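Below is input-v3.cif, which holds mmCIF, C-alpha atoms.
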data_data
#
loop_
_atom_site.group_PDB
_atom_site.id
_atom_site.type_symbol
_atom_site.label_atom_id
_atom_site.label_comp_id
_atom_site.auth_asym_id
_atom_site.auth_seq_id
_atom_site.Cartn_x
_atom_site.Cartn_y
_atom_site.Cartn_z
ATOM 1 C CA MET A 1 2.853 21.856 -5.440
ATOM 2 C CA TYR A 2 3.347 21.445 -1.723
ATOM 3 C CA ASN A 3 5.157 23.125 1.156
ATOM 4 C CA GLU A 4 8.333 21.980 2.843
ATOM 5 C CA ILE A 5 9.388 22.290 6.475
ATOM 6 C CA THR A 6 12.657 21.518 8.222
ATOM 7 C CA PRO A 7 12.905 19.009 11.074
ATOM 8 C CA GLU A 8 13.881 21.870 13.377
ATOM 9 C CA GLN A 9 10.707 23.759 12.459
ATOM 10 C CA VAL A 10 8.582 20.666 13.122
ATOM 11 C CA GLU A 11 10.248 20.198 16.499
ATOM 12 C CA ALA A 12 9.583 23.868 17.368
ATOM 13 C CA ARG A 13 5.916 23.522 16.398
ATOM 14 C CA LEU A 14 5.616 20.404 18.578
ATOM 15 C CA ASN A 15 7.320 22.178 21.487
ATOM 16 C CA ASN A 16 4.881 25.088 21.056
ATOM 17 C CA LYS A 17 1.971 22.604 21.259
ATOM 18 C CA GLU A 18 0.690 23.641 17.831
ATOM 19 C CA LYS A 19 -2.039 21.423 16.394
ATOM 20 C CA PHE A 20 -1.264 19.638 13.140
ATOM 21 C CA HIS A 21 -1.130 16.110 11.786
ATOM 22 C CA LEU A 22 2.290 14.450 11.614
ATOM 23 C CA ILE A 23 2.303 11.215 9.633
ATOM 24 C CA ASP A 24 5.264 8.869 9.244
ATOM 25 C CA VAL A 25 5.063 6.956 5.943
ATOM 26 C CA ARG A 26 7.936 4.539 6.564
ATOM 27 C CA GLU A 27 7.365 0.806 6.763
ATOM 28 C CA LEU A 28 6.703 -0.911 10.091
ATOM 29 C CA ASP A 29 10.283 -2.103 10.673
ATOM 30 C CA GLU A 30 11.584 1.464 10.268
ATOM 31 C CA TRP A 31 8.812 2.854 12.506
ATOM 32 C CA VAL A 32 9.646 0.357 15.261
ATOM 33 C CA GLU A 33 13.351 1.303 15.147
ATOM 34 C CA GLY A 34 12.483 4.894 16.073
ATOM 35 C CA HIS A 35 9.879 7.550 15.361
ATOM 36 C CA ILE A 36 8.640 10.915 16.589
ATOM 37 C CA ALA A 37 6.330 10.323 19.561
ATOM 38 C CA GLU A 38 3.587 12.620 18.227
ATOM 39 C CA ALA A 39 3.540 11.019 14.770
ATOM 40 C CA ALA A 40 0.919 8.643 13.441
ATOM 41 C CA HIS A 41 2.025 5.691 11.336
ATOM 42 C CA LEU A 42 0.606 5.268 7.824
ATOM 43 C CA PRO A 43 2.996 3.359 5.542
ATOM 44 C CA LEU A 44 3.404 4.633 1.990
ATOM 45 C CA SER A 45 2.190 1.252 0.729
ATOM 46 C CA GLU A 46 -1.213 1.858 2.388
ATOM 47 C CA ILE A 47 -1.814 5.522 1.447
ATOM 48 C CA GLN A 48 -4.144 4.874 -1.510
ATOM 49 C CA GLU A 49 -6.388 2.437 0.345
ATOM 50 C CA ARG A 50 -6.577 4.654 3.451
ATOM 51 C CA LEU A 51 -7.179 8.042 1.800
ATOM 52 C CA ASP A 52 -10.433 8.478 3.736
ATOM 53 C CA GLU A 53 -8.387 8.728 6.958
ATOM 54 C CA LEU A 54 -6.609 11.876 5.756
ATOM 55 C CA PRO A 55 -8.389 15.193 6.393
ATOM 56 C CA LYS A 56 -8.485 17.562 3.431
ATOM 57 C CA ASP A 57 -9.158 20.670 5.503
ATOM 58 C CA GLU A 58 -6.242 20.330 7.932
ATOM 59 C CA ASN A 59 -2.501 20.527 7.324
ATOM 60 C CA ILE A 60 -0.624 17.238 7.313
ATOM 61 C CA ILE A 61 3.151 17.052 7.652
ATOM 62 C CA PHE A 62 4.610 13.862 6.208
ATOM 63 C CA VAL A 63 7.922 12.340 7.283
ATOM 64 C CA CYS A 64 9.992 9.370 6.112
ATOM 65 C CA ARG A 65 13.643 8.347 6.387
ATOM 66 C CA SER A 66 15.166 11.086 4.213
ATOM 67 C CA GLY A 67 12.297 13.082 2.704
ATOM 68 C CA GLY A 68 11.920 11.191 -0.577
ATOM 69 C CA ARG A 69 8.929 8.978 0.133
ATOM 70 C CA SER A 70 7.141 11.701 2.076
ATOM 71 C CA GLY A 71 7.703 14.018 -0.907
ATOM 72 C CA LYS A 72 6.090 11.433 -3.196
ATOM 73 C CA VAL A 73 3.073 11.278 -0.872
ATOM 74 C CA CYS A 74 2.817 15.073 -1.056
ATOM 75 C CA ASP A 75 3.105 14.933 -4.876
ATOM 76 C CA PHE A 76 0.208 12.456 -4.894
ATOM 77 C CA LEU A 77 -2.064 14.212 -2.383
ATOM 78 C CA ALA A 78 -1.593 17.917 -3.194
ATOM 79 C CA PRO A 79 -3.393 17.770 -6.576
ATOM 80 C CA GLN A 80 -6.301 16.047 -4.821
ATOM 81 C CA GLY A 81 -6.868 19.081 -2.603
ATOM 82 C CA HIS A 82 -4.997 17.998 0.525
ATOM 83 C CA SER A 83 -2.991 20.576 2.480
ATOM 84 C CA VAL A 84 0.335 18.738 2.708
ATOM 85 C CA THR A 85 3.873 19.568 3.806
ATOM 86 C CA ASN A 86 7.027 17.482 3.428
ATOM 87 C CA MET A 87 9.571 17.369 6.270
ATOM 88 C CA THR A 88 12.856 17.743 4.408
ATOM 89 C CA GLY A 89 15.715 15.492 5.463
ATOM 90 C CA GLY A 90 13.347 13.075 7.171
ATOM 91 C CA MET A 91 14.254 11.123 10.277
ATOM 92 C CA LEU A 92 17.933 11.221 9.296
ATOM 93 C CA ALA A 93 17.847 14.959 10.067
ATOM 94 C CA TRP A 94 15.487 14.802 13.070
ATOM 95 C CA PRO A 95 17.127 16.648 16.001
ATOM 96 C CA GLY A 96 14.616 15.667 18.689
ATOM 97 C CA ALA A 97 13.850 12.650 20.784
ATOM 98 C CA ILE A 98 12.524 9.447 19.278
ATOM 99 C CA VAL A 99 10.591 6.532 20.668
ATOM 100 C CA THR A 100 10.966 2.904 19.674
ATOM 101 C CA GLY A 101 8.532 0.053 19.336
ATOM 102 C CA ALA A 102 5.105 -0.182 17.785
#
Structure translated into structure tokens:
Amino acid sequence: MYNEITPEQVEARLNNKEKFHLIDVRELDEWVEGHIAEAAHLPLSEIQERLDELPKDENIIFVCRSGGRSGKVCDFLAPQGHSVTNMTGGMLAWPGAIVTGA
């Protein structure tokens, strides 16, 4: 099982300068079209081969387009001991600013 957080809550945490990992699991073309400036990009298709890049002892919030793919990442990582949270609604519900490009 994993936690969920709303886009508004993520934006508030960013505005409060809280420290956490925010990872966007969309593919490169989606990332380039617009993403949260503070997010790191790790496409869903690369999660398994890049597991060593994900800290187990720190909370990671995952985001995708609508919350489905990021939820699948959380389903995969939570049983392995990762502290993961899914941003519900994804980028479709994101109320804040976005940046474009790689």
Using only C-alpha atoms, pick whichever of A:Ile47, A:Met1, A:Val63, A:Ala12 has the shortest atom-to-atom distance to His35 in chain A. A:Val63
May I ask which of the residues A:Asp75, A:Asp24, A:Asp57, A:Glu4 is the closest one to Ala40 in chain A, counting all atoms listed in the file? A:Asp24
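Between CA of Pro43 in chain A and CA of Ser70 in chain A the separation is 9.9 Å.
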Fewer than 6 positions away in the same chain doesn't count, so skip those; otherwise give me all residues within 12 Å of Gly34 in chain A, counting all atoms listed in the file, as a PyMOL selection string. chain A and resi 24+26-28+41+64-65+91-92+94+96-102
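The gap separating CA of Glu49 in chain A from CA of Glu11 in chain A is 29.2 Å, in Å to one decimal.
Note that the spacing between CA of Met87 in chain A and CA of Asn59 in chain A amounts to 12.5 Å.
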Write out as a VMD selection string the residues lying within 10 Å of Asn3 in chain A, counting all atoms listed in the file and excluding same-chain residues fewer than 4 positions away. chain A and resid 61 71 74 78 83 to 88
Please, could you write that set of residues out with C-alpha atoms as a CSV table (one decimal), keeping the file's coordinate frame?
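Final output, saved to out.csv:
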chain,number,residue,atom,x,y,z
A,61,ILE,CA,3.2,17.1,7.7
A,71,GLY,CA,7.7,14.0,-0.9
A,74,CYS,CA,2.8,15.1,-1.1
A,78,ALA,CA,-1.6,17.9,-3.2
A,83,SER,CA,-3.0,20.6,2.5
A,84,VAL,CA,0.3,18.7,2.7
A,85,THR,CA,3.9,19.6,3.8
A,86,ASN,CA,7.0,17.5,3.4
A,87,MET,CA,9.6,17.4,6.3
A,88,THR,CA,12.9,17.7,4.4
Residue rebuild result range 44-66 of chain A, N, CA, C and O atoms as a PDB file, keeping the file's coordinate frame:
ATOM      1  N   LEU A  44       3.602   4.211   3.373  1.00  0.00           N
ATOM      2  CA  LEU A  44       3.404   4.633   1.990  1.00  0.00           C
ATOM      3  C   LEU A  44       2.602   3.597   1.213  1.00  0.00           C
ATOM      4  O   LEU A  44       1.720   3.937   0.439  1.00  0.00           O
ATOM      5  N   SER A  45       2.870   2.327   1.455  1.00  0.00           N
ATOM      6  CA  SER A  45       2.190   1.252   0.729  1.00  0.00           C
ATOM      7  C   SER A  45       0.689   1.187   1.001  1.00  0.00           C
ATOM      8  O   SER A  45      -0.050   0.533   0.269  1.00  0.00           O
ATOM      9  N   GLU A  46       0.216   1.887   2.040  1.00  0.00           N
ATOM     10  CA  GLU A  46      -1.213   1.858   2.388  1.00  0.00           C
ATOM     11  C   GLU A  46      -1.930   3.183   2.121  1.00  0.00           C
ATOM     12  O   GLU A  46      -3.140   3.294   2.372  1.00  0.00           O
ATOM     13  N   ILE A  47      -1.228   4.185   1.618  1.00  0.00           N
ATOM     14  CA  ILE A  47      -1.814   5.522   1.447  1.00  0.00           C
ATOM     15  C   ILE A  47      -3.075   5.479   0.575  1.00  0.00           C
ATOM     16  O   ILE A  47      -4.119   6.008   0.960  1.00  0.00           O
ATOM     17  N   GLN A  48      -2.999   4.857  -0.597  1.00  0.00           N
ATOM     18  CA  GLN A  48      -4.144   4.874  -1.510  1.00  0.00           C
ATOM     19  C   GLN A  48      -5.380   4.237  -0.903  1.00  0.00           C
ATOM     20  O   GLN A  48      -6.479   4.751  -1.053  1.00  0.00           O
ATOM     21  N   GLU A  49      -5.216   3.120  -0.212  1.00  0.00           N
ATOM     22  CA  GLU A  49      -6.388   2.437   0.345  1.00  0.00           C
ATOM     23  C   GLU A  49      -6.910   3.082   1.618  1.00  0.00           C
ATOM     24  O   GLU A  49      -8.008   2.767   2.063  1.00  0.00           O
ATOM     25  N   ARG A  50      -6.149   4.007   2.206  1.00  0.00           N
ATOM     26  CA  ARG A  50      -6.577   4.654   3.451  1.00  0.00           C
ATOM     27  C   ARG A  50      -6.764   6.165   3.299  1.00  0.00           C
ATOM     28  O   ARG A  50      -6.737   6.903   4.275  1.00  0.00           O
ATOM     29  N   LEU A  51      -7.006   6.617   2.077  1.00  0.00           N
ATOM     30  CA  LEU A  51      -7.179   8.042   1.800  1.00  0.00           C
ATOM     31  C   LEU A  51      -8.270   8.677   2.653  1.00  0.00           C
ATOM     32  O   LEU A  51      -8.161   9.844   3.034  1.00  0.00           O
ATOM     33  N   ASP A  52      -9.313   7.930   2.970  1.00  0.00           N
ATOM     34  CA  ASP A  52     -10.433   8.478   3.736  1.00  0.00           C
ATOM     35  C   ASP A  52     -10.033   8.848   5.161  1.00  0.00           C
ATOM     36  O   ASP A  52     -10.772   9.556   5.842  1.00  0.00           O
ATOM     37  N   GLU A  53      -8.871   8.401   5.617  1.00  0.00           N
ATOM     38  CA  GLU A  53      -8.387   8.728   6.958  1.00  0.00           C
ATOM     39  C   GLU A  53      -7.649  10.076   7.000  1.00  0.00           C
ATOM     40  O   GLU A  53      -7.325  10.567   8.074  1.00  0.00           O
ATOM     41  N   LEU A  54      -7.389  10.645   5.839  1.00  0.00           N
ATOM     42  CA  LEU A  54      -6.609  11.876   5.756  1.00  0.00           C
ATOM     43  C   LEU A  54      -7.526  13.077   5.566  1.00  0.00           C
ATOM     44  O   LEU A  54      -8.233  13.172   4.562  1.00  0.00           O
ATOM     45  N   PRO A  55      -7.524  14.016   6.520  1.00  0.00           N
ATOM     46  CA  PRO A  55      -8.389  15.193   6.393  1.00  0.00           C
ATOM     47  C   PRO A  55      -7.899  16.120   5.280  1.00  0.00           C
ATOM     48  O   PRO A  55      -6.708  16.342   5.125  1.00  0.00           O
ATOM     49  N   LYS A  56      -8.845  16.627   4.501  1.00  0.00           N
ATOM     50  CA  LYS A  56      -8.485  17.562   3.431  1.00  0.00           C
ATOM     51  C   LYS A  56      -8.387  18.990   3.935  1.00  0.00           C
ATOM     52  O   LYS A  56      -7.722  19.822   3.346  1.00  0.00           O
ATOM     53  N   ASP A  57      -9.068  19.291   5.027  1.00  0.00           N
ATOM     54  CA  ASP A  57      -9.158  20.670   5.503  1.00  0.00           C
ATOM     55  C   ASP A  57      -8.167  21.004   6.615  1.00  0.00           C
ATOM     56  O   ASP A  57      -8.239  22.060   7.217  1.00  0.00           O
ATOM     57  N   GLU A  58      -7.244  20.091   6.897  1.00  0.00           N
ATOM     58  CA  GLU A  58      -6.242  20.330   7.932  1.00  0.00           C
ATOM     59  C   GLU A  58      -4.862  19.999   7.380  1.00  0.00           C
ATOM     60  O   GLU A  58      -4.715  19.071   6.599  1.00  0.00           O
ATOM     61  N   ASN A  59      -3.858  20.763   7.821  1.00  0.00           N
ATOM     62  CA  ASN A  59      -2.501  20.527   7.324  1.00  0.00           C
ATOM     63  C   ASN A  59      -1.942  19.223   7.855  1.00  0.00           C
ATOM     64  O   ASN A  59      -2.101  18.890   9.026  1.00  0.00           O
ATOM     65  N   ILE A  60      -1.288  18.492   6.956  1.00  0.00           N
ATOM     66  CA  ILE A  60      -0.624  17.238   7.313  1.00  0.00           C
ATOM     67  C   ILE A  60       0.843  17.374   6.948  1.00  0.00           C
ATOM     68  O   ILE A  60       1.182  17.737   5.817  1.00  0.00           O
ATOM     69  N   ILE A  61       1.710  17.090   7.911  1.00  0.00           N
ATOM     70  CA  ILE A  61       3.151  17.052   7.652  1.00  0.00           C
ATOM     71  C   ILE A  61       3.537  15.589   7.541  1.00  0.00           C
ATOM     72  O   ILE A  61       3.248  14.786   8.434  1.00  0.00           O
ATOM     73  N   PHE A  62       4.177  15.238   6.431  1.00  0.00           N
ATOM     74  CA  PHE A  62       4.610  13.862   6.208  1.00  0.00           C
ATOM     75  C   PHE A  62       6.110  13.743   6.432  1.00  0.00           C
ATOM     76  O   PHE A  62       6.879  14.647   6.090  1.00  0.00           O
ATOM     77  N   VAL A  63       6.516  12.604   6.993  1.00  0.00           N
ATOM     78  CA  VAL A  63       7.922  12.340   7.283  1.00  0.00           C
ATOM     79  C   VAL A  63       8.257  10.910   6.861  1.00  0.00           C
ATOM     80  O   VAL A  63       7.400  10.020   6.929  1.00  0.00           O
ATOM     81  N   CYS A  64       9.480  10.719   6.416  1.00  0.00           N
ATOM     82  CA  CYS A  64       9.992   9.370   6.112  1.00  0.00           C
ATOM     83  C   CYS A  64      11.456   9.332   6.556  1.00  0.00           C
ATOM     84  O   CYS A  64      11.867  10.106   7.416  1.00  0.00           O
ATOM     85  N   ARG A  65      12.245   8.476   5.979  1.00  0.00           N
ATOM     86  CA  ARG A  65      13.643   8.347   6.387  1.00  0.00           C
ATOM     87  C   ARG A  65      14.465   9.570   5.987  1.00  0.00           C
ATOM     88  O   ARG A  65      15.200  10.129   6.786  1.00  0.00           O
ATOM     89  N   SER A  66      14.319   9.994   4.696  1.00  0.00           N
ATOM     90  CA  SER A  66      15.166  11.086   4.213  1.00  0.00           C
ATOM     91  C   SER A  66      14.400  12.213   3.517  1.00  0.00           C
ATOM     92  O   SER A  66      15.000  13.205   3.135  1.00  0.00           O
TER      93      SER A  66
END
